[in-house]
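Visitor: Next up, coords-v2.txt (compact mmCIF, C-alpha atoms and all ligand atoms).
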# COMPACT_ATOMS: atom_id res chain seq x y z
CA MET A 4 0.00 0.00 0.00
CA GLN A 5 1.09 3.57 -0.67
CA PRO A 6 0.42 5.72 2.41
CA ILE A 7 -0.98 9.24 1.84
CA VAL A 8 -1.89 10.52 5.30
CA SER A 9 -2.48 8.66 8.55
CA GLY A 10 -5.24 6.10 7.98
CA VAL A 11 -5.44 6.69 4.22
CA SER A 12 -3.53 4.81 1.54
CA THR A 13 -3.89 3.81 -2.09
CA PHE A 14 -3.37 0.58 -3.99
CA PRO A 15 -0.32 0.69 -6.25
CA GLY A 16 -0.21 -0.94 -9.68
CA LEU A 17 -3.84 -0.45 -10.76
CA ARG A 18 -4.10 0.35 -14.45
CA VAL A 19 -6.67 3.18 -14.50
CA GLY A 20 -8.70 4.68 -11.67
CA ARG A 21 -7.35 5.21 -8.16
CA VAL A 22 -8.74 3.24 -5.25
CA TYR A 23 -8.24 4.40 -1.67
CA LEU A 24 -8.25 2.47 1.58
CA ILE A 25 -9.37 4.19 4.79
CA GLU A 26 -8.57 2.38 8.05
CA ASP A 27 -10.75 3.06 11.08
CA PRO A 28 -10.99 1.23 14.42
CA ASP A 29 -14.30 -0.40 13.38
CA GLY A 30 -13.10 -1.57 9.97
CA LEU A 31 -12.06 -0.58 6.49
CA THR A 32 -13.59 1.64 3.83
CA LEU A 33 -12.75 1.65 0.12
CA VAL A 34 -13.24 4.72 -2.02
CA ASP A 35 -14.06 3.48 -5.55
CA CYS A 36 -13.16 0.12 -7.05
CA GLY A 37 -11.20 0.71 -10.26
CA MET A 38 -11.69 -1.31 -13.42
CA ALA A 39 -12.84 -4.92 -13.38
CA SER A 40 -9.21 -6.06 -13.52
CA ALA A 41 -8.49 -4.14 -10.29
CA ALA A 42 -10.64 -6.32 -8.00
CA PRO A 43 -8.20 -9.26 -7.59
CA ARG A 44 -5.33 -6.80 -7.11
CA ILE A 45 -7.24 -4.91 -4.44
CA LEU A 46 -8.02 -8.14 -2.59
CA ALA A 47 -4.37 -9.20 -2.88
CA GLY A 48 -3.28 -5.77 -1.61
CA LEU A 49 -5.59 -6.07 1.40
CA ARG A 50 -4.26 -9.53 2.24
CA ALA A 51 -0.66 -8.36 1.86
CA ALA A 52 -1.45 -5.56 4.36
CA GLY A 53 -2.79 -8.18 6.79
CA HIS A 54 -6.51 -7.57 6.21
CA ALA A 55 -9.23 -10.13 5.55
CA PRO A 56 -11.73 -9.09 2.84
CA ALA A 57 -14.56 -9.12 5.43
CA GLU A 58 -12.85 -6.25 7.27
CA VAL A 59 -14.05 -3.96 4.46
CA LYS A 60 -17.29 -2.57 5.88
CA ARG A 61 -18.08 0.11 3.30
CA ILE A 62 -17.42 0.96 -0.32
CA LEU A 63 -17.89 4.65 -1.12
CA ILE A 64 -18.59 5.42 -4.76
CA THR A 65 -17.65 8.73 -6.38
CA HIS A 66 -19.43 7.90 -9.66
CA ALA A 67 -20.51 5.06 -11.89
CA HIS A 68 -17.93 5.15 -14.70
CA PHE A 69 -16.38 1.76 -15.56
CA ASP A 70 -12.94 2.78 -14.29
CA HIS A 71 -14.41 3.48 -10.83
CA VAL A 72 -17.03 0.73 -10.43
CA GLY A 73 -15.66 -1.95 -12.79
CA GLY A 74 -14.48 -3.94 -9.79
CA LEU A 75 -17.50 -3.14 -7.60
CA ALA A 76 -19.59 -6.30 -8.10
CA ALA A 77 -16.61 -8.57 -7.40
CA LEU A 78 -15.46 -6.57 -4.37
CA LYS A 79 -18.94 -6.40 -2.87
CA ALA A 80 -19.27 -10.17 -3.27
CA ALA A 81 -15.84 -10.81 -1.75
CA THR A 82 -16.21 -8.43 1.20
CA GLY A 83 -19.93 -8.17 1.96
CA ALA A 84 -19.40 -4.41 2.28
CA GLU A 85 -22.22 -1.86 2.20
CA VAL A 86 -22.11 0.15 -1.04
CA ILE A 87 -22.71 3.88 -0.48
CA ALA A 88 -23.30 6.58 -3.11
CA LEU A 89 -25.19 9.80 -3.74
CA ALA A 90 -28.83 9.08 -4.56
CA ALA A 91 -28.58 10.76 -7.97
CA GLU A 92 -26.00 8.18 -9.11
CA GLN A 93 -28.18 5.16 -8.32
CA PRO A 94 -29.83 4.77 -11.78
CA TYR A 95 -26.36 4.37 -13.29
CA LEU A 96 -25.11 1.96 -10.62
CA SER A 97 -28.22 -0.20 -10.93
CA GLY A 98 -28.03 -0.29 -14.73
CA ALA A 99 -31.40 1.46 -15.13
CA ALA A 100 -29.79 4.20 -17.25
CA ARG A 101 -26.57 4.92 -19.13
CA LEU A 102 -24.52 7.90 -17.98
CA PRO A 103 -24.91 10.96 -20.20
CA LEU A 104 -22.11 11.92 -22.57
CA ALA A 105 -21.09 15.40 -23.71
CA PRO A 106 -23.08 16.88 -26.61
CA TRP A 107 -21.49 15.54 -29.84
CA GLU A 108 -21.10 19.05 -31.32
CA ASP A 109 -19.00 20.16 -28.32
CA LEU A 110 -16.37 17.46 -28.91
CA GLY A 111 -13.20 17.50 -31.01
CA PRO A 112 -11.93 14.46 -32.93
CA ALA A 113 -10.34 12.73 -29.92
CA GLY A 114 -13.42 13.39 -27.78
CA ARG A 115 -15.67 11.91 -30.47
CA ILE A 116 -13.61 8.72 -30.57
CA MET A 117 -13.91 8.43 -26.79
CA ALA A 118 -17.65 9.19 -26.90
CA SER A 119 -18.25 6.57 -29.62
CA PHE A 120 -16.44 4.00 -27.51
CA MET A 121 -18.36 4.89 -24.34
CA ARG A 122 -21.71 4.87 -26.12
CA THR A 123 -21.37 1.19 -27.01
CA ALA A 124 -18.97 -0.18 -24.37
CA PRO A 125 -20.40 -2.93 -22.18
CA LEU A 126 -21.42 -1.59 -18.77
CA PRO A 127 -20.05 -3.01 -15.50
CA PRO A 128 -22.35 -5.55 -13.81
CA PRO A 129 -25.27 -3.62 -12.25
CA THR A 130 -24.55 -3.11 -8.54
CA PRO A 131 -26.97 -0.71 -6.88
CA ALA A 132 -25.86 1.14 -3.77
CA ASP A 133 -27.25 -0.21 -0.49
CA ARG A 134 -27.29 3.20 1.13
CA LEU A 135 -28.06 6.47 -0.65
CA LEU A 136 -26.71 9.77 0.59
CA ALA A 137 -27.92 13.35 0.24
CA ASP A 138 -25.52 16.25 -0.24
CA GLY A 139 -23.89 17.23 3.06
CA GLU A 140 -24.66 13.99 4.84
CA VAL A 141 -21.91 12.82 7.21
CA LEU A 142 -20.59 9.28 7.68
CA PRO A 143 -19.49 9.53 11.35
CA GLU A 144 -17.85 6.11 11.30
CA VAL A 145 -15.34 7.02 8.54
CA LEU A 146 -12.17 9.02 9.38
CA GLY A 147 -13.92 10.62 12.35
CA GLY A 148 -16.66 12.10 10.12
CA LEU A 149 -16.59 12.09 6.34
CA ARG A 150 -19.03 14.44 4.56
CA VAL A 151 -20.39 13.81 1.07
CA VAL A 152 -20.19 16.79 -1.28
CA ALA A 153 -22.43 16.68 -4.35
CA THR A 154 -20.22 17.59 -7.30
CA PRO A 155 -22.38 17.05 -10.38
CA GLY A 156 -21.25 17.70 -13.93
CA HIS A 157 -18.92 14.84 -14.78
CA THR A 158 -21.87 12.61 -13.86
CA PRO A 159 -25.25 13.68 -12.41
CA GLY A 160 -24.64 12.07 -9.02
CA HIS A 161 -20.89 12.53 -8.74
CA ALA A 162 -19.78 12.60 -5.09
CA ALA A 163 -16.66 13.94 -3.41
CA TYR A 164 -15.93 13.02 0.22
CA TRP A 165 -14.52 15.55 2.67
CA GLN A 166 -13.04 15.32 6.15
CA PRO A 167 -13.17 18.92 7.44
CA GLU A 168 -11.01 18.60 10.59
CA ARG A 169 -8.20 16.74 8.85
CA ARG A 170 -8.84 18.66 5.60
CA VAL A 171 -8.68 15.53 3.43
CA LEU A 172 -10.67 15.49 0.18
CA PHE A 173 -11.46 12.54 -2.08
CA CYS A 174 -12.53 14.28 -5.27
CA GLY A 175 -13.18 11.45 -7.74
CA ASP A 176 -13.08 12.80 -11.29
CA ALA A 177 -14.41 16.27 -10.39
CA ILE A 178 -10.78 17.41 -10.71
CA MET A 179 -8.10 15.29 -12.36
CA HIS A 180 -4.36 15.37 -11.65
CA MET A 181 -2.68 13.91 -14.71
CA ARG A 182 -0.48 16.66 -16.17
CA GLY A 183 -1.28 19.33 -13.65
CA LEU A 184 -4.83 19.86 -12.46
CA SER A 185 -7.58 19.63 -15.08
CA LEU A 186 -11.30 19.32 -15.53
CA PRO A 187 -12.52 15.78 -16.26
CA PHE A 188 -12.24 14.42 -19.81
CA ALA A 189 -14.81 16.11 -22.03
CA ALA A 190 -16.48 13.11 -23.69
CA PRO A 191 -17.75 11.32 -20.55
CA THR A 192 -18.74 14.62 -18.86
CA GLY A 193 -22.45 15.18 -19.38
CA ASP A 194 -22.49 18.82 -18.22
CA MET A 195 -19.15 20.64 -18.33
CA ALA A 196 -20.59 23.98 -17.11
CA GLU A 197 -21.79 22.21 -13.98
CA ALA A 198 -18.42 20.43 -13.66
CA ARG A 199 -16.67 23.83 -13.59
CA ARG A 200 -18.92 24.98 -10.75
CA SER A 201 -18.27 21.74 -8.88
CA ALA A 202 -14.51 22.29 -9.19
CA ALA A 203 -14.99 25.73 -7.66
CA ARG A 204 -17.07 24.26 -4.84
CA LEU A 205 -14.23 21.86 -4.00
CA ALA A 206 -11.62 24.62 -4.13
CA GLU A 207 -13.64 26.57 -1.53
CA LEU A 208 -13.07 23.75 0.93
CA ALA A 209 -9.32 24.63 0.96
CA PRO A 210 -8.17 21.03 1.47
CA GLU A 211 -4.68 20.13 2.68
CA THR A 212 -4.72 16.71 1.03
CA VAL A 213 -6.51 15.81 -2.19
CA CYS A 214 -6.96 12.21 -3.34
CA PHE A 215 -7.86 12.17 -7.03
CA GLY A 216 -9.61 9.54 -9.14
CA HIS A 217 -6.76 9.88 -11.60
CA GLY A 218 -3.20 10.94 -10.76
CA PRO A 219 -1.13 11.19 -7.61
CA ALA A 220 -2.48 12.70 -4.39
CA LEU A 221 -1.63 16.31 -3.60
CA THR A 222 -0.24 16.67 -0.08
CA GLN A 223 1.60 20.00 -0.41
CA GLY A 224 0.06 23.34 -1.32
CA ALA A 225 -3.23 21.70 -2.29
CA ALA A 226 -5.51 24.58 -1.22
CA GLY A 227 -3.60 27.15 -3.28
CA ALA A 228 -3.33 24.87 -6.30
CA LEU A 229 -7.08 24.17 -6.29
CA ARG A 230 -7.94 27.84 -5.82
CA THR A 231 -5.76 28.86 -8.79
CA PHE A 232 -7.21 26.06 -10.89
CA ALA A 233 -10.83 26.88 -10.02
CA ARG A 234 -10.29 30.52 -10.97
CA LYS A 235 -8.74 29.50 -14.29
CA VAL A 236 -11.71 27.33 -15.25
CA ASN A 237 -14.31 29.81 -13.94
CA PRO A 238 -13.07 33.12 -15.35
CA GLY A 239 -15.00 36.29 -14.55
ZN ZN A 301 -15.27 9.35 -14.64
Just give me the structure as structure tokens.
Guide:
Amino acid sequence: MQPIVSGVSTFPGLRVGRVYLIEDPDGLTLVDCGMASAAPRILAGLRAAGHAPAEVKRILITHAHFDHVGGLAALKAATGAEVIALAAEQPYLSGAARLPLAPWEDLGPAGRIMASFMRTAPLPPPTPADRLLADGEVLPEVLGGLRVVATPGHTPGHAAYWQPERRVLFCGDAIMHMRGLSLPFAAPTGDMAEARRSAARLAELAPETVCFGHGPALTQGAAGALRTFARKVNPG
């Protein structure tokens, strides 16, 4: 495991999509599940760290894209964990609906290739959340109180998770950290205007540590970096 801050680490060697492990006295919490191929690696990582799969009590979902919930069905089956997400993401987790894509006319050539792929790609096995959250709801049992922050735009029910005393933010794909900070990829983002506002909402939290869905965690100067980024993508 790669430690980030006390009680929070990430699984190394996953292909796409970061997965985080939160360790609390009453058990373990995963944030997202990666692609389908990640599930056996996550279970192996847990065992290597001395944990039985049944110690995972909760799986928090940021959003229902295949690189975040591809491994969800397998991990839920292996751990018996409660799956938790924002209510607005449930239709996409349960397979009742496909996540919206960006309007075709807004996309360049590369975006159109990605959109064509996502339009027809097989969906992960439907795995509805067991517990649905509303914006602002707190999970007292996780990290001494983890608050869900609705951050729609990339997907309608995209969730970030925020620990205000320790100033740790799990931001999913609301902000990416690949080559510097960026907005999520255009093609799988149904509402980019909303995504910009969500990025600004996260910057206002002034986090000290940011755990991204893609890219390495920020543990130094995170508040300033997010503030600068949010201003750049919300000019005026
Ligand atoms: Zn995504």
Visitor: When you count only C-alpha atoms and all ligand atoms, which of these residues is closest to ligand ZN 301 (chain A): A:Met38, A:Ala177, A:Leu49, A:Leu89?
Guide: A:Ala177
Visitor: I want to know what sits within 12 Å of Gly16 (chain A), based on all atoms listed in the file, with residues of the same chain fewer than 5 positions away left out; could you give that as a ChimeraX atom specification?
Guide: /A:4-5,21-22,37,40-45,47-48
Visitor: Report as lines of an AutoDock Vina configuration file the centre and the edge lengths, in Å to one decimal, of the axis-aligned box holding every listed atom of region 179-193 of chain A, padded by 6 Å on each side.
Guide:
center_x = -11.5
center_y = 15.6
center_z = -17.7
size_x = 34.0
size_y = 20.5
size_z = 24.0
Visitor: Taking all atoms listed in the file into account, list the residues no farther than 8 Å from ligand ZN 301 (chain A), as a PyMOL selection string.
Guide: chain A and resi 66-71+157-158+175-176+187-188+191-192+216
Visitor: If we count all atoms listed in the file and set the cut-off at 7 Å, which residues sit around Leu33 (chain A), ignoring sequence neighbours fewer than 5 positions away in its own chain? Please answer as a list of chain:residue names.
Guide: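 Result of the neighbour search: A:Val22, A:Tyr23, A:Leu24, A:Ile25, A:Arg61, A:Ile62, A:Leu63.
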Visitor: Between A:Leu46, A:Val151, A:Leu102, A:Met181, which is the closest to Met121 (chain A) once you count all atoms listed in the file?
Guide: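 Among the listed residues, the smallest separation from Met121 (chain A) belongs to A:Leu102.
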